[in-house]
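Data block below; observations after.
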Amino acid sequence: MATTTVEGAHHAAPTASEYIRHHLAHLSNTHQQGPVDFSVLHYDTLFWSIAMGVIGCLVMWMAARKATAGVPGRFQAAVEMLVEMVENQSKSIVHGDRSFIAPAALTVFVWVSLMNSLDFLPVDIFSEAFKWFGVEHLFPYHRVVPTADLNGTIGISLGVLILMLYYGIKIKGFGGWLHELFAAPFGIYMAPFNLLLNIIEYAAKMVSLGMRLFGNMFAGELLFLLIALLGSTATVFGFVGHVIAGSIWAIFHILIVFLQAFIFMMLTLVYLGQAHEGH
């Protein structure tokens, strides 16, 4: 699925661990200090997530602009099927005003699908392109898949958490939401335990939503790197294994890419639906 030449130190061929470590490093403003460092910016994750968001918006805008009342073309039919699928799912999960929630869920699905699909690009395509243009010194590291970066997936799930809090307050009122925060599920006399439990619930939803997507996409990216290394052995077994394993995994990964986007969208709808309901 990918070429495997990476320019190491002094133009020496990298070892397998160096190759993987190089491809899993981000183009960032500084080195991270400790497990959590909010001063670090992953420029590659920011660029590709924004780029896929813009492309997703353009695709949906083109579909809306070219929509006709007559017999739809293939593109319009595909978008209409997608919109209808999201609308049906939101209708069955969210009992309330869905004028914003359904489009938001559609946006999440399209956006995450496009970001996940970047994993189909050959793992060395950008490093080779940077060398060809002579700018490899400006981009010593570069990762393409934003959803294989925990910062990217947690960022999206943080947005879902904000929507959960917003709809909880909007539907129940600030007083009602605050009372539920302290009184549910064990009654107001257990307020400290209820508050702790509800905070943990909100945090668990956000973290699990981001971690699930990150874990699946990171594993897929790592497996592509291992398959690329298999082809670098310069043997018949390595080449055949590279082609066969790469092809099989690429086909299987198509299911993973869109399934993970669907799961992320469905969990978003479920969490927003729960925000409309009381304990």
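To be explicit about the labels: the chains of the structure tokens are called A, B, and onward in the order shown, and within each one the residues are counted from 1, while ligands get numbers from 1 in the order they are shown.
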Please extract the residues of region 21-111 of chain A with a backbone DSSP assignment of helix (DSSP H, G or I) and present them as a VMD selection string.
chain A and resid 21 to 23 43 to 65 74 to 93 101 to 111
Kindly export the residues of the current selection with C-alpha atoms, as a compact mmCIF listing (two decimals), in the first residue's frame.
```txt
# COMPACT_ATOMS: atom_id res chain seq x y z
CA ARG A 21 8.55 6.38 15.21
CA HIS A 22 9.17 8.87 12.40
CA HIS A 23 5.74 8.30 10.85
CA TYR A 43 -0.10 21.65 12.84
CA ASP A 44 -0.75 18.60 10.67
CA THR A 45 -3.83 17.59 12.66
CA LEU A 46 -5.18 21.14 12.56
CA PHE A 47 -4.55 21.50 8.82
CA TRP A 48 -6.10 18.22 7.72
CA SER A 49 -9.09 18.40 10.05
CA ILE A 50 -9.91 21.93 8.83
CA ALA A 51 -9.29 20.94 5.20
CA MET A 52 -11.63 17.95 5.45
CA GLY A 53 -14.24 20.12 7.16
CA VAL A 54 -14.09 22.62 4.31
CA ILE A 55 -14.27 19.87 1.68
CA GLY A 56 -17.21 18.26 3.48
CA CYS A 57 -19.08 21.58 3.57
CA LEU A 58 -18.34 22.16 -0.13
CA VAL A 59 -19.62 18.71 -1.07
CA MET A 60 -22.88 19.18 0.84
CA TRP A 61 -23.27 22.71 -0.56
CA MET A 62 -22.82 21.42 -4.10
CA ALA A 63 -25.39 18.70 -3.44
CA ALA A 64 -27.91 21.25 -2.13
CA ARG A 65 -27.25 23.60 -5.04
CA ARG A 74 -26.07 9.50 -8.83
CA PHE A 75 -24.47 12.18 -6.70
CA GLN A 76 -27.78 13.68 -5.59
CA ALA A 77 -29.25 10.23 -4.95
CA ALA A 78 -26.27 9.25 -2.77
CA VAL A 79 -26.52 12.47 -0.73
CA GLU A 80 -30.30 12.09 -0.38
CA MET A 81 -29.84 8.54 0.93
CA LEU A 82 -27.28 9.78 3.44
CA VAL A 83 -29.50 12.65 4.60
CA GLU A 84 -32.49 10.34 4.91
CA MET A 85 -30.46 7.83 6.93
CA VAL A 86 -29.30 10.49 9.38
CA GLU A 87 -32.79 11.99 9.59
CA ASN A 88 -34.37 8.61 10.39
CA GLN A 89 -31.75 7.86 13.05
CA SER A 90 -32.15 11.27 14.68
CA LYS A 91 -35.94 10.95 14.62
CA SER A 92 -35.83 7.64 16.47
CA ILE A 93 -33.30 8.80 19.10
CA ILE A 101 -29.22 18.22 15.80
CA ALA A 102 -29.90 16.31 12.56
CA PRO A 103 -27.69 18.61 10.42
CA ALA A 104 -25.03 18.49 13.13
CA ALA A 105 -25.09 14.68 13.08
CA LEU A 106 -24.84 14.72 9.28
CA THR A 107 -21.87 17.09 9.51
CA VAL A 108 -20.17 14.83 12.06
CA PHE A 109 -20.62 11.76 9.86
CA VAL A 110 -19.32 13.43 6.68
CA TRP A 111 -16.44 15.15 8.49
```
What are the closest atom pairs, with distances in Å to one decimal, for each residue of region 145-193 of chain A lying within 12 Å of region 215-234 of chain A, using only C-alpha atoms, rows by chain and rising residue number, as CSV?
```
residue,atom,partner,partner_atom,distance
A:Val145,CA,A:Met217,CA,8.1
A:Pro146,CA,A:Met217,CA,9.2
A:Thr147,CA,A:Met217,CA,6.3
A:Ala148,CA,A:Phe218,CA,4.5
A:Asp149,CA,A:Phe218,CA,7.4
A:Leu150,CA,A:Gly215,CA,8.4
A:Gly152,CA,A:Met217,CA,11.5
A:Thr153,CA,A:Gly215,CA,9.8
A:Ile154,CA,A:Gly215,CA,11.6
```
Filtering to N, CA, C and O atoms, could you give me those residues as an mmCIF file, in the first residue's frame?
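Listing of part-v2.cif after writing:
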```cif
data_model
loop_
_atom_site.group_PDB
_atom_site.id
_atom_site.type_symbol
_atom_site.label_atom_id
_atom_site.label_comp_id
_atom_site.auth_asym_id
_atom_site.auth_seq_id
_atom_site.Cartn_x
_atom_site.Cartn_y
_atom_site.Cartn_z
ATOM 1 N N VAL A 145 -3.672 11.606 9.147
ATOM 2 C CA VAL A 145 -4.996 11.234 9.639
ATOM 3 C C VAL A 145 -5.282 11.946 10.964
ATOM 4 O O VAL A 145 -4.717 11.583 11.997
ATOM 5 N N PRO A 146 -6.176 12.938 10.982
ATOM 6 C CA PRO A 146 -6.448 13.666 12.227
ATOM 7 C C PRO A 146 -7.094 12.799 13.295
ATOM 8 O O PRO A 146 -6.877 13.022 14.495
ATOM 9 N N THR A 147 -7.876 11.809 12.880
ATOM 10 C CA THR A 147 -8.567 10.960 13.851
ATOM 11 C C THR A 147 -7.652 9.897 14.442
ATOM 12 O O THR A 147 -8.072 9.162 15.345
ATOM 13 N N ALA A 148 -6.416 9.789 13.945
ATOM 14 C CA ALA A 148 -5.429 8.918 14.577
ATOM 15 C C ALA A 148 -4.610 9.689 15.607
ATOM 16 O O ALA A 148 -3.652 9.158 16.159
ATOM 17 N N ASP A 149 -4.992 10.937 15.841
ATOM 18 C CA ASP A 149 -4.380 11.783 16.864
ATOM 19 C C ASP A 149 -5.408 11.975 17.972
ATOM 20 O O ASP A 149 -6.518 12.470 17.723
ATOM 21 N N LEU A 150 -5.069 11.604 19.189
ATOM 22 C CA LEU A 150 -6.011 11.706 20.307
ATOM 23 C C LEU A 150 -6.476 13.140 20.525
ATOM 24 O O LEU A 150 -7.610 13.380 20.939
ATOM 25 N N GLY A 152 -7.145 15.280 18.214
ATOM 26 C CA GLY A 152 -8.217 15.547 17.263
ATOM 27 C C GLY A 152 -9.535 14.942 17.688
ATOM 28 O O GLY A 152 -10.584 15.604 17.652
ATOM 29 N N THR A 153 -9.527 13.681 18.097
ATOM 30 C CA THR A 153 -10.780 13.017 18.457
ATOM 31 C C THR A 153 -11.352 13.560 19.762
ATOM 32 O O THR A 153 -12.571 13.718 19.896
ATOM 33 N N ILE A 154 -10.491 13.868 20.731
ATOM 34 C CA ILE A 154 -10.979 14.456 21.985
ATOM 35 C C ILE A 154 -11.533 15.855 21.728
ATOM 36 O O ILE A 154 -12.503 16.287 22.359
#
```
Env of region 177-193 of chain A: 7 Å cut, atoms = only C-alpha atoms, seq-sep filter 5 positions within chain, self excluded. Answer as a list in words.
Gly168, Ile169, Lys172, Asn198 and His279 of chain A
How would the residues just picked look written out with C-alpha atoms as a short mmCIF file (atom, residue, chain, number, x, y, z; two decimals), in the first residue's frame?
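Here's the written file part31.cif:
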```cif
data_model
loop_
_atom_site.label_atom_id
_atom_site.label_comp_id
_atom_site.auth_asym_id
_atom_site.auth_seq_id
_atom_site.Cartn_x
_atom_site.Cartn_y
_atom_site.Cartn_z
CA GLY A 168 -29.54 19.90 28.94
CA ILE A 169 -29.84 23.53 30.07
CA LYS A 172 -34.73 21.66 31.39
CA ASN A 198 -22.85 13.02 37.06
CA HIS A 279 -33.22 10.77 35.00
#
```
Tell me which protein, DNA and RNA residues are within 6 Å of region 132-143 of chain A, counting only C-alpha atoms, leaving out same-chain ones fewer than 2 positions away, and put them as a ChimeraX atom specification.
/A:25-27,129-130
Output of the above residues as a PDB file, in the first residue's frame, restricted to N, CA and C atoms:
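To be explicit, this is the file written out as part_10.pdb:
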```
ATOM      1  N   ALA A  25       5.209  10.621  14.462  1.00  0.00           N
ATOM      2  CA  ALA A  25       5.513  11.922  15.065  1.00  0.00           C
ATOM      3  C   ALA A  25       4.743  13.015  14.335  1.00  0.00           C
ATOM      4  N   HIS A  26       4.340  14.035  15.081  1.00  0.00           N
ATOM      5  CA  HIS A  26       3.555  15.132  14.517  1.00  0.00           C
ATOM      6  C   HIS A  26       4.423  16.339  14.186  1.00  0.00           C
ATOM      7  N   LEU A  27       3.998  17.099  13.210  1.00  0.00           N
ATOM      8  CA  LEU A  27       4.589  18.398  12.934  1.00  0.00           C
ATOM      9  C   LEU A  27       3.982  19.380  13.935  1.00  0.00           C
ATOM     10  N   ALA A 129       6.917  13.546  -1.380  1.00  0.00           N
ATOM     11  CA  ALA A 129       6.574  14.792  -2.074  1.00  0.00           C
ATOM     12  C   ALA A 129       7.383  15.960  -1.518  1.00  0.00           C
ATOM     13  N   PHE A 130       7.577  15.986  -0.203  1.00  0.00           N
ATOM     14  CA  PHE A 130       8.372  17.052   0.404  1.00  0.00           C
ATOM     15  C   PHE A 130       9.817  17.002  -0.096  1.00  0.00           C
TER      16      PHE A 130
END
```
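Shortest separation to Phe120 (chain A) among A:Lys170, A:Lys66, A:Arg212, A:His253 occurs at residue A:His253, atoms counted being only C-alpha atoms.
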Quick one, how far is CA of Gly273 (chain A) from CA of Leu158 (chain A)?
16.6 Å
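The two atoms in question, CA of Val94 (chain A) and CA of Phe264 (chain A), are spaced 15.5 Å apart.
Distance-wise, CA of Asp119 (chain A) and CA of Phe262 (chain A) end up 16.6 Å apart.
Proximity of A:Leu41, A:Leu121, A:Ile200, A:Val270 to Asn151 (chain A), computed with only C-alpha atoms, is greatest for A:Leu41.
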Do you know which residues are at most 12 Å from Tyr166 (chain A) counting only C-alpha atoms, after dropping those on the same chain fewer than 3 positions away, and could you put them as a ChimeraX atom specification?
/A:101,159-163,169-174,177,271-272,275-276
With all heavy atoms kept, could you save the residues just selected as a tab-separated table (two decimals), in the first residue's frame?
```tsv
chain	number	residue	atom	x	y	z
A	101	ILE	N	-29.89	19.47	15.44
A	101	ILE	CA	-29.22	18.22	15.80
A	101	ILE	C	-29.02	17.32	14.58
A	101	ILE	O	-27.93	16.74	14.40
A	101	ILE	CB	-30.03	17.48	16.89
A	101	ILE	CG1	-30.01	18.29	18.18
A	101	ILE	CG2	-29.47	16.08	17.12
A	101	ILE	CD1	-30.83	17.68	19.30
A	159	GLY	N	-16.57	19.05	21.68
A	159	GLY	CA	-17.68	19.78	21.07
A	159	GLY	C	-19.01	19.11	21.34
A	159	GLY	O	-20.03	19.79	21.59
A	160	VAL	N	-19.04	17.78	21.30
A	160	VAL	CA	-20.27	17.04	21.62
A	160	VAL	C	-20.66	17.26	23.08
A	160	VAL	O	-21.83	17.43	23.40
A	160	VAL	CB	-20.08	15.54	21.33
A	160	VAL	CG1	-21.31	14.74	21.76
A	160	VAL	CG2	-19.80	15.31	19.84
A	161	LEU	N	-19.67	17.29	23.98
A	161	LEU	CA	-19.95	17.55	25.40
A	161	LEU	C	-20.58	18.92	25.59
A	161	LEU	O	-21.54	19.08	26.37
A	161	LEU	CB	-18.66	17.44	26.21
A	161	LEU	CG	-18.77	17.83	27.69
A	161	LEU	CD1	-19.70	16.88	28.43
A	161	LEU	CD2	-17.39	17.84	28.34
A	162	ILE	N	-20.06	19.93	24.88
A	162	ILE	CA	-20.64	21.27	24.98
A	162	ILE	C	-22.09	21.27	24.51
A	162	ILE	O	-22.96	21.91	25.12
A	162	ILE	CB	-19.79	22.26	24.16
A	162	ILE	CG1	-18.40	22.42	24.80
A	162	ILE	CG2	-20.48	23.61	24.05
A	162	ILE	CD1	-17.44	23.24	23.97
A	163	LEU	N	-22.39	20.55	23.44
A	163	LEU	CA	-23.77	20.44	22.96
A	163	LEU	C	-24.64	19.72	23.97
A	163	LEU	O	-25.82	20.08	24.16
A	163	LEU	CB	-23.80	19.71	21.62
A	163	LEU	CG	-23.30	20.48	20.40
A	163	LEU	CD1	-23.32	19.59	19.16
A	163	LEU	CD2	-24.14	21.73	20.17
A	169	ILE	N	-29.38	22.27	29.48
A	169	ILE	CA	-29.84	23.53	30.07
A	169	ILE	C	-31.01	24.11	29.30
A	169	ILE	O	-31.97	24.64	29.88
A	169	ILE	CB	-28.67	24.53	30.13
A	169	ILE	CG1	-27.58	24.00	31.06
A	169	ILE	CG2	-29.14	25.90	30.59
A	169	ILE	CD1	-26.31	24.84	31.08
A	170	LYS	N	-30.97	24.00	27.96
A	170	LYS	CA	-32.03	24.56	27.13
A	170	LYS	C	-33.37	23.85	27.37
A	170	LYS	O	-34.41	24.50	27.49
A	170	LYS	CB	-31.65	24.46	25.66
A	170	LYS	CG	-32.71	24.99	24.72
A	170	LYS	CD	-32.30	24.81	23.26
A	170	LYS	CE	-33.40	25.31	22.33
A	170	LYS	NZ	-33.05	25.11	20.90
A	171	ILE	N	-33.34	22.54	27.45
A	171	ILE	CA	-34.58	21.77	27.58
A	171	ILE	C	-35.13	21.85	28.99
A	171	ILE	O	-36.35	22.03	29.21
A	171	ILE	CB	-34.35	20.30	27.18
A	171	ILE	CG1	-33.88	20.21	25.72
A	171	ILE	CG2	-35.60	19.48	27.38
A	171	ILE	CD1	-34.83	20.78	24.72
A	172	LYS	N	-34.27	21.74	30.00
A	172	LYS	CA	-34.73	21.66	31.39
A	172	LYS	C	-34.66	22.99	32.12
A	172	LYS	O	-35.16	23.10	33.24
A	172	LYS	CB	-33.89	20.62	32.14
A	172	LYS	CG	-33.92	19.24	31.50
A	172	LYS	CD	-32.76	18.38	31.95
A	172	LYS	CE	-32.68	17.10	31.13
A	172	LYS	NZ	-31.48	16.32	31.43
A	173	GLY	N	-34.04	23.99	31.49
A	173	GLY	CA	-33.80	25.24	32.19
A	173	GLY	C	-32.58	25.09	33.08
A	173	GLY	O	-32.26	23.99	33.53
A	174	PHE	N	-31.92	26.21	33.38
A	174	PHE	CA	-30.70	26.11	34.17
A	174	PHE	C	-30.99	25.55	35.56
A	174	PHE	O	-30.24	24.71	36.07
A	174	PHE	CB	-30.02	27.49	34.30
A	174	PHE	CG	-28.73	27.44	35.06
A	174	PHE	CD1	-27.58	26.92	34.48
A	174	PHE	CD2	-28.67	27.90	36.37
A	174	PHE	CE1	-26.38	26.85	35.19
A	174	PHE	CE2	-27.48	27.85	37.10
A	174	PHE	CZ	-26.34	27.33	36.50
A	177	TRP	N	-31.74	21.78	35.23
A	177	TRP	CA	-30.52	21.03	34.94
A	177	TRP	C	-29.63	20.96	36.18
A	177	TRP	O	-29.05	19.92	36.48
A	177	TRP	CB	-29.78	21.70	33.79
A	177	TRP	CG	-28.44	21.10	33.49
A	177	TRP	CD1	-28.19	19.97	32.78
A	177	TRP	CD2	-27.16	21.60	33.92
A	177	TRP	NE1	-26.84	19.73	32.72
A	177	TRP	CE2	-26.18	20.70	33.41
A	177	TRP	CE3	-26.74	22.69	34.66
A	177	TRP	CZ2	-24.82	20.89	33.63
A	177	TRP	CZ3	-25.39	22.89	34.89
A	177	TRP	CH2	-24.44	21.99	34.38
A	271	TYR	N	-26.23	10.71	22.95
A	271	TYR	CA	-25.89	11.61	24.05
A	271	TYR	C	-26.75	12.87	24.02
A	271	TYR	O	-27.19	13.36	25.07
A	271	TYR	CB	-24.41	11.99	24.00
A	271	TYR	CG	-23.48	10.82	24.26
A	271	TYR	CD1	-22.16	10.84	23.82
A	271	TYR	CD2	-23.93	9.69	24.95
A	271	TYR	CE1	-21.31	9.77	24.06
A	271	TYR	CE2	-23.08	8.62	25.18
A	271	TYR	CZ	-21.78	8.66	24.74
A	271	TYR	OH	-20.94	7.60	24.97
A	272	LEU	N	-27.00	13.39	22.84
A	272	LEU	CA	-27.88	14.57	22.73
A	272	LEU	C	-29.33	14.21	23.03
A	272	LEU	O	-30.08	15.02	23.60
A	272	LEU	CB	-27.76	15.20	21.34
A	272	LEU	CG	-26.40	15.77	20.97
A	272	LEU	CD1	-26.44	16.42	19.59
A	272	LEU	CD2	-25.93	16.79	22.01
A	275	ALA	N	-29.71	14.14	26.70
A	275	ALA	CA	-29.77	15.49	27.26
A	275	ALA	C	-31.19	16.05	27.23
A	275	ALA	O	-31.51	16.96	28.00
A	275	ALA	CB	-28.83	16.42	26.48
A	276	HIS	N	-32.04	15.50	26.36
A	276	HIS	CA	-33.43	15.93	26.29
A	276	HIS	C	-34.31	15.25	27.33
A	276	HIS	O	-35.46	15.62	27.51
A	276	HIS	CB	-34.01	15.63	24.89
A	276	HIS	CG	-33.56	16.59	23.83
A	276	HIS	ND1	-32.25	16.65	23.39
A	276	HIS	CD2	-34.23	17.55	23.13
A	276	HIS	CE1	-32.14	17.58	22.44
A	276	HIS	NE2	-33.32	18.13	22.28
```
